[in-house]
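> Take this structure, written in structure tokens, and hold onto it; I'll ask about it next.
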Amino acid sequence: MSRPVNGVAVRVPAKVNVQLAVGAARPDGFHDLANVFLAVGLYDEVTVAPADELRITCTGPGADQVPLDRTNLAARAALALAGRRGIAADVHIHIDKDIPVAGGMAGGSADGAGALLACDALWGTGATRAELLEICAELGSDVPFSLVGGAALGTGRGERLTPLDVGGTFHWVFAVADGGLSTPAVYREFDRLTPVAPAPEAAPALLAALCTGDATALSTALANDLQPAALSLRPSLADTLAAGTAAGALAGLVSGSGPTTAFLAKDAESAASIADALLASGTCRTARVAGSPAPGARVVDRA
């Protein structure tokens, strides 16, 4: 279906975890994290307009994998804000996908944050930033960062954010795999592989590299505690990582819970070359180039 008219459109970025330190499972089933988020310039656009009832449509790569019912985080965001204001969530939410689906880049979380901001603008709720972030945290661990963007350290289960300074632009290549990986399944495999996990902490060297904008220093500090679990469940990702580093990437890692792999390049020209090499290698479905940091969710159109 076509996108709605007379509504509010919000653009919201993907993310890469330049560090994902994972602690032991908590009694509530979550894990304590030290999650260093960096927003990257791949975006979904979420448009919300008045309708007779809540409904969702979706277009773009992987749209057939996006749920169009109330399990979708965009629908849950609309319902959460409407519930707080005592109004009906009668809106048409259209998601124009460009963030890889089920790829470890927080595409679903981005859609939740985008729908929340769009509904707030459409309904004129006057919600404070703190209230929006509170709703985001209720929706999911990555949703608050999708709203904020830039760079941040996420603690707790990732929802408690501390903004981080970034001293320059970092260039990335994202190799998108066929199919997805279930985040809960990856965490279960992490628990199996890591019976004793230390308390997670952000690495000072990584934070310093972000602050100075030093890509070479950042490349030596990239870390993802979920990577062994993702590789265990999808061994073919090792071939993608090898192809990217062989093509000249400063470093590569699995993005979040995967299966997208992220490669840090020294500059834009190198990123384009690495993307071409990854496509030629046959180890991924597509390769996307993007810079970081990127802004968080923001209104781009009011029809």
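Labels for the structure tokens follow display order: chains A, B, ..., residues from 1 in each chain, ligands from 1.
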Within 8 Å of Ala247 of chain A, counting only C-alpha atoms, which residues qualify if same-chain residues fewer than 2 places away don't, as a VMD selection string?

chain A and resid 243 to 245 249 273 to 274 277 to 278

> Include all heavy atoms and write out the residues we just selected as a tab-separated table (two decimals), in the first residue's frame.


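Written file, selection-v8.tsv:
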```
chain	number	residue	atom	x	y	z
A	243	ALA	N	36.82	-11.99	4.31
A	243	ALA	CA	36.81	-11.28	3.02
A	243	ALA	C	36.94	-9.78	3.22
A	243	ALA	O	37.64	-9.09	2.47
A	243	ALA	CB	35.52	-11.61	2.26
A	244	GLY	N	36.27	-9.25	4.23
A	244	GLY	CA	36.33	-7.82	4.47
A	244	GLY	C	37.70	-7.35	4.92
A	244	GLY	O	38.21	-6.32	4.46
A	245	THR	N	38.32	-8.11	5.81
A	245	THR	CA	39.65	-7.72	6.28
A	245	THR	C	40.68	-7.90	5.16
A	245	THR	O	41.60	-7.09	5.02
A	245	THR	CB	40.05	-8.50	7.53
A	245	THR	OG1	39.88	-9.91	7.30
A	245	THR	CG2	39.17	-8.11	8.71
A	249	ALA	N	39.89	-3.65	5.12
A	249	ALA	CA	39.26	-3.05	6.29
A	249	ALA	C	40.24	-2.99	7.46
A	249	ALA	O	41.06	-3.90	7.65
A	249	ALA	CB	38.03	-3.86	6.70
A	273	SER	N	35.77	0.60	-1.91
A	273	SER	CA	36.54	-0.52	-2.43
A	273	SER	C	36.25	-1.81	-1.66
A	273	SER	O	36.11	-2.90	-2.26
A	273	SER	CB	38.04	-0.19	-2.36
A	273	SER	OG	38.83	-1.28	-2.74
A	274	ILE	N	36.15	-1.70	-0.35
A	274	ILE	CA	35.84	-2.88	0.48
A	274	ILE	C	34.46	-3.41	0.15
A	274	ILE	O	34.25	-4.63	0.05
A	274	ILE	CB	35.95	-2.51	1.97
A	274	ILE	CG1	37.40	-2.19	2.33
A	274	ILE	CG2	35.42	-3.63	2.86
A	274	ILE	CD1	37.55	-1.44	3.65
A	277	ALA	N	34.61	-5.39	-3.03
A	277	ALA	CA	35.28	-6.67	-2.82
A	277	ALA	C	34.38	-7.67	-2.09
A	277	ALA	O	34.37	-8.86	-2.41
A	277	ALA	CB	36.58	-6.46	-2.04
A	278	LEU	N	33.64	-7.18	-1.12
A	278	LEU	CA	32.72	-8.06	-0.39
A	278	LEU	C	31.64	-8.61	-1.32
A	278	LEU	O	31.32	-9.81	-1.27
A	278	LEU	CB	32.09	-7.32	0.78
A	278	LEU	CG	32.95	-7.18	2.03
A	278	LEU	CD1	32.40	-6.10	2.95
A	278	LEU	CD2	33.04	-8.51	2.77
```

> Name the residues of segment 10-223 of chain A that come out as strand (DSSP E or B) in a backbone DSSP run; write them as a PDB file with N, CA, C and O atoms, in the first residue's frame.


```pdb
ATOM      1  N   VAL A  10       9.195  10.680  10.102  1.00  0.00           N
ATOM      2  CA  VAL A  10      10.380  10.726  10.958  1.00  0.00           C
ATOM      3  C   VAL A  10      11.455   9.843  10.352  1.00  0.00           C
ATOM      4  O   VAL A  10      11.187   8.706   9.943  1.00  0.00           O
ATOM      5  N   ARG A  11      12.658  10.365  10.298  1.00  0.00           N
ATOM      6  CA  ARG A  11      13.809   9.613   9.804  1.00  0.00           C
ATOM      7  C   ARG A  11      14.609   9.135  11.008  1.00  0.00           C
ATOM      8  O   ARG A  11      14.890   9.926  11.934  1.00  0.00           O
ATOM      9  N   VAL A  12      15.004   7.858  10.999  1.00  0.00           N
ATOM     10  CA  VAL A  12      15.649   7.291  12.191  1.00  0.00           C
ATOM     11  C   VAL A  12      16.770   6.352  11.750  1.00  0.00           C
ATOM     12  O   VAL A  12      16.630   5.604  10.779  1.00  0.00           O
ATOM     13  N   PRO A  13      17.946   6.410  12.425  1.00  0.00           N
ATOM     14  CA  PRO A  13      19.134   5.709  11.921  1.00  0.00           C
ATOM     15  C   PRO A  13      19.291   4.289  12.433  1.00  0.00           C
ATOM     16  O   PRO A  13      18.711   3.887  13.448  1.00  0.00           O
ATOM     17  N   ALA A  14      20.146   3.554  11.724  1.00  0.00           N
ATOM     18  CA  ALA A  14      20.639   2.270  12.208  1.00  0.00           C
ATOM     19  C   ALA A  14      21.751   2.516  13.234  1.00  0.00           C
ATOM     20  O   ALA A  14      22.169   3.649  13.463  1.00  0.00           O
ATOM     21  N   LYS A  15      22.220   1.428  13.826  1.00  0.00           N
ATOM     22  CA  LYS A  15      23.333   1.548  14.771  1.00  0.00           C
ATOM     23  C   LYS A  15      24.324   0.428  14.538  1.00  0.00           C
ATOM     24  O   LYS A  15      24.018  -0.624  13.974  1.00  0.00           O
ATOM     25  N   VAL A  16      25.554   0.686  14.988  1.00  0.00           N
ATOM     26  CA  VAL A  16      26.550  -0.367  15.115  1.00  0.00           C
ATOM     27  C   VAL A  16      27.050  -0.322  16.555  1.00  0.00           C
ATOM     28  O   VAL A  16      27.129   0.752  17.159  1.00  0.00           O
ATOM     29  N   ASN A  17      27.333  -1.482  17.099  1.00  0.00           N
ATOM     30  CA  ASN A  17      27.908  -1.555  18.445  1.00  0.00           C
ATOM     31  C   ASN A  17      29.416  -1.653  18.286  1.00  0.00           C
ATOM     32  O   ASN A  17      29.926  -2.692  17.863  1.00  0.00           O
ATOM     33  N   VAL A  18      30.131  -0.587  18.614  1.00  0.00           N
ATOM     34  CA  VAL A  18      31.587  -0.663  18.496  1.00  0.00           C
ATOM     35  C   VAL A  18      32.184  -1.424  19.672  1.00  0.00           C
ATOM     36  O   VAL A  18      33.302  -1.946  19.581  1.00  0.00           O
ATOM     37  N   GLN A  19      31.455  -1.485  20.774  1.00  0.00           N
ATOM     38  CA  GLN A  19      31.775  -2.422  21.849  1.00  0.00           C
ATOM     39  C   GLN A  19      30.470  -2.946  22.420  1.00  0.00           C
ATOM     40  O   GLN A  19      29.544  -2.176  22.688  1.00  0.00           O
ATOM     41  N   LEU A  20      30.405  -4.242  22.584  1.00  0.00           N
ATOM     42  CA  LEU A  20      29.259  -4.861  23.253  1.00  0.00           C
ATOM     43  C   LEU A  20      29.813  -5.851  24.269  1.00  0.00           C
ATOM     44  O   LEU A  20      30.184  -6.981  23.937  1.00  0.00           O
ATOM     45  N   ALA A  21      29.921  -5.378  25.514  1.00  0.00           N
ATOM     46  CA  ALA A  21      30.388  -6.217  26.616  1.00  0.00           C
ATOM     47  C   ALA A  21      29.170  -6.759  27.343  1.00  0.00           C
ATOM     48  O   ALA A  21      28.289  -5.984  27.745  1.00  0.00           O
ATOM     49  N   VAL A  22      29.108  -8.067  27.504  1.00  0.00           N
ATOM     50  CA  VAL A  22      27.915  -8.734  28.007  1.00  0.00           C
ATOM     51  C   VAL A  22      28.232  -9.448  29.313  1.00  0.00           C
ATOM     52  O   VAL A  22      29.176 -10.242  29.391  1.00  0.00           O
ATOM     53  N   GLY A  23      27.441  -9.157  30.337  1.00  0.00           N
ATOM     54  CA  GLY A  23      27.584  -9.842  31.609  1.00  0.00           C
ATOM     55  C   GLY A  23      26.716 -11.084  31.683  1.00  0.00           C
ATOM     56  O   GLY A  23      26.082 -11.488  30.698  1.00  0.00           O
ATOM     57  N   ALA A  24      26.669 -11.676  32.850  1.00  0.00           N
ATOM     58  CA  ALA A  24      25.878 -12.890  33.037  1.00  0.00           C
ATOM     59  C   ALA A  24      24.384 -12.572  32.982  1.00  0.00           C
ATOM     60  O   ALA A  24      23.962 -11.432  33.195  1.00  0.00           O
ATOM     61  N   ALA A  25      23.590 -13.592  32.703  1.00  0.00           N
ATOM     62  CA  ALA A  25      22.139 -13.425  32.665  1.00  0.00           C
ATOM     63  C   ALA A  25      21.624 -13.021  34.040  1.00  0.00           C
ATOM     64  O   ALA A  25      22.069 -13.532  35.073  1.00  0.00           O
ATOM     65  N   HIS A  31      20.578  -9.346  30.269  1.00  0.00           N
ATOM     66  CA  HIS A  31      21.994  -9.336  30.629  1.00  0.00           C
ATOM     67  C   HIS A  31      22.418  -7.894  30.879  1.00  0.00           C
ATOM     68  O   HIS A  31      21.996  -6.986  30.160  1.00  0.00           O
ATOM     69  N   ASP A  32      23.264  -7.676  31.884  1.00  0.00           N
ATOM     70  CA  ASP A  32      23.871  -6.370  32.044  1.00  0.00           C
ATOM     71  C   ASP A  32      24.864  -6.155  30.909  1.00  0.00           C
ATOM     72  O   ASP A  32      25.609  -7.074  30.531  1.00  0.00           O
ATOM     73  N   LEU A  33      24.878  -4.935  30.373  1.00  0.00           N
ATOM     74  CA  LEU A  33      25.709  -4.631  29.219  1.00  0.00           C
ATOM     75  C   LEU A  33      26.548  -3.380  29.455  1.00  0.00           C
ATOM     76  O   LEU A  33      26.165  -2.497  30.218  1.00  0.00           O
ATOM     77  N   ALA A  34      27.649  -3.314  28.758  1.00  0.00           N
ATOM     78  CA  ALA A  34      28.335  -2.058  28.482  1.00  0.00           C
ATOM     79  C   ALA A  34      28.337  -1.982  26.957  1.00  0.00           C
ATOM     80  O   ALA A  34      29.123  -2.645  26.279  1.00  0.00           O
ATOM     81  N   ASN A  35      27.407  -1.207  26.432  1.00  0.00           N
ATOM     82  CA  ASN A  35      27.076  -1.226  25.015  1.00  0.00           C
ATOM     83  C   ASN A  35      27.404   0.144  24.427  1.00  0.00           C
ATOM     84  O   ASN A  35      26.715   1.120  24.707  1.00  0.00           O
ATOM     85  N   VAL A  36      28.456   0.221  23.646  1.00  0.00           N
ATOM     86  CA  VAL A  36      28.848   1.500  23.044  1.00  0.00           C
ATOM     87  C   VAL A  36      28.206   1.587  21.667  1.00  0.00           C
ATOM     88  O   VAL A  36      28.607   0.909  20.729  1.00  0.00           O
ATOM     89  N   PHE A  37      27.170   2.404  21.597  1.00  0.00           N
ATOM     90  CA  PHE A  37      26.392   2.580  20.370  1.00  0.00           C
ATOM     91  C   PHE A  37      26.984   3.691  19.509  1.00  0.00           C
ATOM     92  O   PHE A  37      27.398   4.738  20.019  1.00  0.00           O
ATOM     93  N   LEU A  38      26.934   3.498  18.207  1.00  0.00           N
ATOM     94  CA  LEU A  38      27.269   4.538  17.248  1.00  0.00           C
ATOM     95  C   LEU A  38      26.202   4.511  16.164  1.00  0.00           C
ATOM     96  O   LEU A  38      25.992   3.476  15.513  1.00  0.00           O
ATOM     97  N   ALA A  39      25.486   5.616  15.996  1.00  0.00           N
ATOM     98  CA  ALA A  39      24.461   5.688  14.955  1.00  0.00           C
ATOM     99  C   ALA A  39      25.133   5.879  13.599  1.00  0.00           C
ATOM    100  O   ALA A  39      26.097   6.634  13.476  1.00  0.00           O
ATOM    101  N   VAL A  40      24.616   5.186  12.586  1.00  0.00           N
ATOM    102  CA  VAL A  40      25.218   5.234  11.252  1.00  0.00           C
ATOM    103  C   VAL A  40      24.179   5.686  10.231  1.00  0.00           C
ATOM    104  O   VAL A  40      22.968   5.550  10.442  1.00  0.00           O
ATOM    105  N   GLY A  41      24.678   6.199   9.115  1.00  0.00           N
ATOM    106  CA  GLY A  41      23.820   6.825   8.123  1.00  0.00           C
ATOM    107  C   GLY A  41      23.073   5.887   7.203  1.00  0.00           C
ATOM    108  O   GLY A  41      23.113   6.038   5.973  1.00  0.00           O
ATOM    109  N   LEU A  42      22.395   4.910   7.759  1.00  0.00           N
ATOM    110  CA  LEU A  42      21.387   4.113   7.053  1.00  0.00           C
ATOM    111  C   LEU A  42      20.088   4.355   7.811  1.00  0.00           C
ATOM    112  O   LEU A  42      20.065   4.239   9.042  1.00  0.00           O
ATOM    113  N   TYR A  43      19.010   4.648   7.098  1.00  0.00           N
ATOM    114  CA  TYR A  43      17.813   5.142   7.779  1.00  0.00           C
ATOM    115  C   TYR A  43      16.548   4.417   7.325  1.00  0.00           C
ATOM    116  O   TYR A  43      16.391   4.060   6.164  1.00  0.00           O
ATOM    117  N   ASP A  44      15.638   4.224   8.278  1.00  0.00           N
ATOM    118  CA  ASP A  44      14.235   3.954   7.972  1.00  0.00           C
ATOM    119  C   ASP A  44      13.478   5.267   8.075  1.00  0.00           C
ATOM    120  O   ASP A  44      13.867   6.160   8.845  1.00  0.00           O
ATOM    121  N   GLU A  45      12.393   5.382   7.304  1.00  0.00           N
ATOM    122  CA  GLU A  45      11.506   6.536   7.451  1.00  0.00           C
ATOM    123  C   GLU A  45      10.132   6.025   7.858  1.00  0.00           C
ATOM    124  O   GLU A  45       9.571   5.152   7.204  1.00  0.00           O
ATOM    125  N   VAL A  46       9.630   6.551   8.968  1.00  0.00           N
ATOM    126  CA  VAL A  46       8.345   6.129   9.529  1.00  0.00           C
ATOM    127  C   VAL A  46       7.366   7.299   9.402  1.00  0.00           C
ATOM    128  O   VAL A  46       7.637   8.385   9.913  1.00  0.00           O
ATOM    129  N   THR A  47       6.251   7.049   8.715  1.00  0.00           N
ATOM    130  CA  THR A  47       5.231   8.070   8.531  1.00  0.00           C
ATOM    131  C   THR A  47       3.959   7.646   9.253  1.00  0.00           C
ATOM    132  O   THR A  47       3.520   6.497   9.128  1.00  0.00           O
ATOM    133  N   VAL A  48       3.394   8.572  10.005  1.00  0.00           N
ATOM    134  CA  VAL A  48       2.176   8.302  10.776  1.00  0.00           C
ATOM    135  C   VAL A  48       1.116   9.319  10.367  1.00  0.00           C
ATOM    136  O   VAL A  48       1.392  10.520  10.292  1.00  0.00           O
ATOM    137  N   ALA A  49      -0.100   8.815  10.107  1.00  0.00           N
ATOM    138  CA  ALA A  49      -1.202   9.689   9.716  1.00  0.00           C
ATOM    139  C   ALA A  49      -2.489   9.198  10.355  1.00  0.00           C
ATOM    140  O   ALA A  49      -2.611   8.008  10.700  1.00  0.00           O
ATOM    141  N   PRO A  50      -3.481  10.087  10.552  1.00  0.00           N
ATOM    142  CA  PRO A  50      -4.762   9.655  11.124  1.00  0.00           C
ATOM    143  C   PRO A  50      -5.409   8.566  10.275  1.00  0.00           C
ATOM    144  O   PRO A  50      -5.289   8.555   9.051  1.00  0.00           O
ATOM    145  N   ARG A  55      -3.144   0.562  11.869  1.00  0.00           N
ATOM    146  CA  ARG A  55      -2.680  -0.391  10.866  1.00  0.00           C
ATOM    147  C   ARG A  55      -1.268  -0.020  10.445  1.00  0.00           C
ATOM    148  O   ARG A  55      -0.830   1.122  10.590  1.00  0.00           O
ATOM    149  N   ILE A  56      -0.544  -1.006   9.944  1.00  0.00           N
ATOM    150  CA  ILE A  56       0.853  -0.844   9.563  1.00  0.00           C
ATOM    151  C   ILE A  56       1.054  -1.344   8.143  1.00  0.00           C
ATOM    152  O   ILE A  56       0.538  -2.410   7.773  1.00  0.00           O
ATOM    153  N   THR A  57       1.811  -0.593   7.361  1.00  0.00           N
ATOM    154  CA  THR A  57       2.276  -1.059   6.062  1.00  0.00           C
ATOM    155  C   THR A  57       3.785  -0.868   6.014  1.00  0.00           C
ATOM    156  O   THR A  57       4.364  -0.104   6.799  1.00  0.00           O
ATOM    157  N   CYS A  58       4.427  -1.572   5.100  1.00  0.00           N
ATOM    158  CA  CYS A  58       5.888  -1.527   5.035  1.00  0.00           C
ATOM    159  C   CYS A  58       6.340  -1.772   3.603  1.00  0.00           C
ATOM    160  O   CYS A  58       5.806  -2.651   2.915  1.00  0.00           O
ATOM    161  N   THR A  59       7.321  -1.008   3.168  1.00  0.00           N
ATOM    162  CA  THR A  59       7.955  -1.202   1.875  1.00  0.00           C
ATOM    163  C   THR A  59       9.463  -1.163   2.062  1.00  0.00           C
ATOM    164  O   THR A  59       9.962  -0.729   3.096  1.00  0.00           O
ATOM    165  N   VAL A  91      -4.095   5.244  13.916  1.00  0.00           N
ATOM    166  CA  VAL A  91      -3.154   5.809  12.957  1.00  0.00           C
ATOM    167  C   VAL A  91      -2.734   4.748  11.948  1.00  0.00           C
ATOM    168  O   VAL A  91      -2.762   3.548  12.224  1.00  0.00           O
ATOM    169  N   HIS A  92      -2.375   5.230  10.779  1.00  0.00           N
ATOM    170  CA  HIS A  92      -1.729   4.394   9.768  1.00  0.00           C
ATOM    171  C   HIS A  92      -0.237   4.658   9.865  1.00  0.00           C
ATOM    172  O   HIS A  92       0.220   5.784   9.671  1.00  0.00           O
ATOM    173  N   ILE A  93       0.515   3.619  10.209  1.00  0.00           N
ATOM    174  CA  ILE A  93       1.967   3.711  10.310  1.00  0.00           C
ATOM    175  C   ILE A  93       2.559   3.064   9.062  1.00  0.00           C
ATOM    176  O   ILE A  93       2.303   1.882   8.793  1.00  0.00           O
ATOM    177  N   HIS A  94       3.319   3.841   8.308  1.00  0.00           N
ATOM    178  CA  HIS A  94       4.005   3.273   7.143  1.00  0.00           C
ATOM    179  C   HIS A  94       5.506   3.320   7.389  1.00  0.00           C
ATOM    180  O   HIS A  94       6.068   4.371   7.727  1.00  0.00           O
ATOM    181  N   ILE A  95       6.148   2.175   7.212  1.00  0.00           N
ATOM    182  CA  ILE A  95       7.591   2.052   7.412  1.00  0.00           C
ATOM    183  C   ILE A  95       8.256   1.857   6.056  1.00  0.00           C
ATOM    184  O   ILE A  95       7.959   0.885   5.347  1.00  0.00           O
ATOM    185  N   ASP A  96       9.123   2.779   5.698  1.00  0.00           N
ATOM    186  CA  ASP A  96       9.929   2.656   4.482  1.00  0.00           C
ATOM    187  C   ASP A  96      11.302   2.165   4.913  1.00  0.00           C
ATOM    188  O   ASP A  96      12.111   2.916   5.441  1.00  0.00           O
ATOM    189  N   GLY A 149      20.451   8.833  19.025  1.00  0.00           N
ATOM    190  CA  GLY A 149      21.461   8.848  17.982  1.00  0.00           C
ATOM    191  C   GLY A 149      22.816   9.309  18.466  1.00  0.00           C
ATOM    192  O   GLY A 149      23.104   9.342  19.666  1.00  0.00           O
ATOM    193  N   ALA A 151      26.383   9.057  19.530  1.00  0.00           N
ATOM    194  CA  ALA A 151      27.144   7.993  20.178  1.00  0.00           C
ATOM    195  C   ALA A 151      26.795   8.001  21.655  1.00  0.00           C
ATOM    196  O   ALA A 151      26.599   9.070  22.243  1.00  0.00           O
ATOM    197  N   ALA A 152      26.719   6.833  22.241  1.00  0.00           N
ATOM    198  CA  ALA A 152      26.344   6.750  23.656  1.00  0.00           C
ATOM    199  C   ALA A 152      26.801   5.420  24.231  1.00  0.00           C
ATOM    200  O   ALA A 152      26.915   4.413  23.515  1.00  0.00           O
ATOM    201  N   LEU A 153      27.027   5.433  25.523  1.00  0.00           N
ATOM    202  CA  LEU A 153      27.268   4.201  26.284  1.00  0.00           C
ATOM    203  C   LEU A 153      25.954   3.779  26.915  1.00  0.00           C
ATOM    204  O   LEU A 153      25.340   4.556  27.655  1.00  0.00           O
ATOM    205  N   GLY A 154      25.518   2.583  26.600  1.00  0.00           N
ATOM    206  CA  GLY A 154      24.306   2.038  27.191  1.00  0.00           C
ATOM    207  C   GLY A 154      24.656   1.048  28.288  1.00  0.00           C
ATOM    208  O   GLY A 154      25.399   0.101  28.062  1.00  0.00           O
ATOM    209  N   THR A 155      24.131   1.271  29.489  1.00  0.00           N
ATOM    210  CA  THR A 155      24.348   0.350  30.597  1.00  0.00           C
ATOM    211  C   THR A 155      23.003  -0.213  31.039  1.00  0.00           C
ATOM    212  O   THR A 155      21.978   0.038  30.417  1.00  0.00           O
ATOM    213  N   ARG A 160      20.004   2.581  29.575  1.00  0.00           N
ATOM    214  CA  ARG A 160      20.454   3.762  30.313  1.00  0.00           C
ATOM    215  C   ARG A 160      21.632   4.380  29.566  1.00  0.00           C
ATOM    216  O   ARG A 160      22.715   3.788  29.503  1.00  0.00           O
ATOM    217  N   LEU A 161      21.423   5.564  28.998  1.00  0.00           N
ATOM    218  CA  LEU A 161      22.374   6.123  28.049  1.00  0.00           C
ATOM    219  C   LEU A 161      23.191   7.264  28.646  1.00  0.00           C
ATOM    220  O   LEU A 161      22.658   8.138  29.326  1.00  0.00           O
ATOM    221  N   THR A 162      24.480   7.248  28.324  1.00  0.00           N
ATOM    222  CA  THR A 162      25.376   8.358  28.602  1.00  0.00           C
ATOM    223  C   THR A 162      25.953   8.816  27.272  1.00  0.00           C
ATOM    224  O   THR A 162      26.658   8.040  26.612  1.00  0.00           O
ATOM    225  N   PRO A 163      25.663  10.043  26.824  1.00  0.00           N
ATOM    226  CA  PRO A 163      26.191  10.507  25.539  1.00  0.00           C
ATOM    227  C   PRO A 163      27.718  10.490  25.529  1.00  0.00           C
ATOM    228  O   PRO A 163      28.368  10.739  26.552  1.00  0.00           O
ATOM    229  N   PHE A 170      33.609   8.410  11.067  1.00  0.00           N
ATOM    230  CA  PHE A 170      34.088   7.053  10.837  1.00  0.00           C
ATOM    231  C   PHE A 170      33.345   6.465   9.635  1.00  0.00           C
ATOM    232  O   PHE A 170      32.141   6.689   9.463  1.00  0.00           O
ATOM    233  N   HIS A 171      34.072   5.702   8.822  1.00  0.00           N
ATOM    234  CA  HIS A 171      33.523   5.139   7.586  1.00  0.00           C
ATOM    235  C   HIS A 171      33.361   3.632   7.736  1.00  0.00           C
ATOM    236  O   HIS A 171      34.308   2.938   8.124  1.00  0.00           O
ATOM    237  N   TRP A 172      32.179   3.151   7.401  1.00  0.00           N
ATOM    238  CA  TRP A 172      31.832   1.751   7.622  1.00  0.00           C
ATOM    239  C   TRP A 172      31.324   1.081   6.351  1.00  0.00           C
ATOM    240  O   TRP A 172      30.748   1.742   5.478  1.00  0.00           O
ATOM    241  N   VAL A 173      31.507  -0.214   6.305  1.00  0.00           N
ATOM    242  CA  VAL A 173      30.862  -1.059   5.301  1.00  0.00           C
ATOM    243  C   VAL A 173      30.104  -2.140   6.059  1.00  0.00           C
ATOM    244  O   VAL A 173      30.663  -2.796   6.951  1.00  0.00           O
ATOM    245  N   PHE A 174      28.846  -2.327   5.700  1.00  0.00           N
ATOM    246  CA  PHE A 174      28.013  -3.343   6.349  1.00  0.00           C
ATOM    247  C   PHE A 174      27.682  -4.430   5.326  1.00  0.00           C
ATOM    248  O   PHE A 174      27.064  -4.148   4.295  1.00  0.00           O
ATOM    249  N   ALA A 175      28.120  -5.635   5.619  1.00  0.00           N
ATOM    250  CA  ALA A 175      27.846  -6.777   4.757  1.00  0.00           C
ATOM    251  C   ALA A 175      26.584  -7.465   5.266  1.00  0.00           C
ATOM    252  O   ALA A 175      26.556  -7.982   6.390  1.00  0.00           O
ATOM    253  N   VAL A 176      25.553  -7.436   4.458  1.00  0.00           N
ATOM    254  CA  VAL A 176      24.244  -7.962   4.856  1.00  0.00           C
ATOM    255  C   VAL A 176      24.138  -9.412   4.419  1.00  0.00           C
ATOM    256  O   VAL A 176      24.304  -9.733   3.243  1.00  0.00           O
ATOM    257  N   ALA A 223      35.044  -4.553  19.828  1.00  0.00           N
ATOM    258  CA  ALA A 223      34.828  -5.821  20.524  1.00  0.00           C
ATOM    259  C   ALA A 223      33.343  -6.117  20.639  1.00  0.00           C
ATOM    260  O   ALA A 223      32.538  -5.214  20.878  1.00  0.00           O
TER     261      ALA A 223
END
```

> Hey, which of A:Pro27, A:Gly213, A:Gly150, A:Pro204 ends up closest to Leu164 of chain A? Count only C-alpha atoms.

A:Gly150

> Using only C-alpha atoms, find the one residue out of A:Ala177, A:Val300, A:Leu206, A:Ala271 that sits nearest to Thr283 of chain A.

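Distance minimum relative to Thr283 of chain A lands on A:Ala177.
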
> Rounded to one decimal, what separation in Å do you get between atom CA of Leu81 of chain A and atom CA of Leu116 of chain A?

7.1 Å

> Can you work out which one of A:Gly168, A:Gly180, A:Gly86, A:Gly248 has the shortest atom-to-atom distance to Gly291 of chain A, counting only C-alpha atoms?

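Closest to Gly291 of chain A, using only C-alpha atoms: A:Gly168.
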
> Enumerate the residues of segment 44-231 of chain A with a DSSP assignment of helix (DSSP H, G or I), computed from the backbone, and present them as an MDAnalysis selection string.

chainID A and resid 63:65 73:85 107:123 129:139 143:148 183:193 204:212 215:221 227:231

> Please determine, counting only C-alpha atoms, which residue among A:Glu201, A:Gly103, A:Leu218, A:Ala130 has the shortest atom-to-atom distance to Ser182 of chain A.

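Closest candidate: A:Gly103.
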
> Using only C-alpha atoms, pick whichever of A:Ala251, A:Ala217, A:Val148, A:Ala102 has the shortest atom-to-atom distance to Pro184 of chain A.

A:Ala102

> Can you pull out the residues contacting segment 235-238 of chain A? Cut-off 8 Å, using only C-alpha atoms, and skip same-chain residues under 3 positions away; I want them as a ChimeraX atom specification.

/A:230-232,241-242,259,261,283

> Please report the interatomic distance between atom CA of Thr169 of chain A and atom CA of Leu181 of chain A in Å with one decimal.

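Between atom CA of Thr169 of chain A and atom CA of Leu181 of chain A the gap is 28.9 Å.
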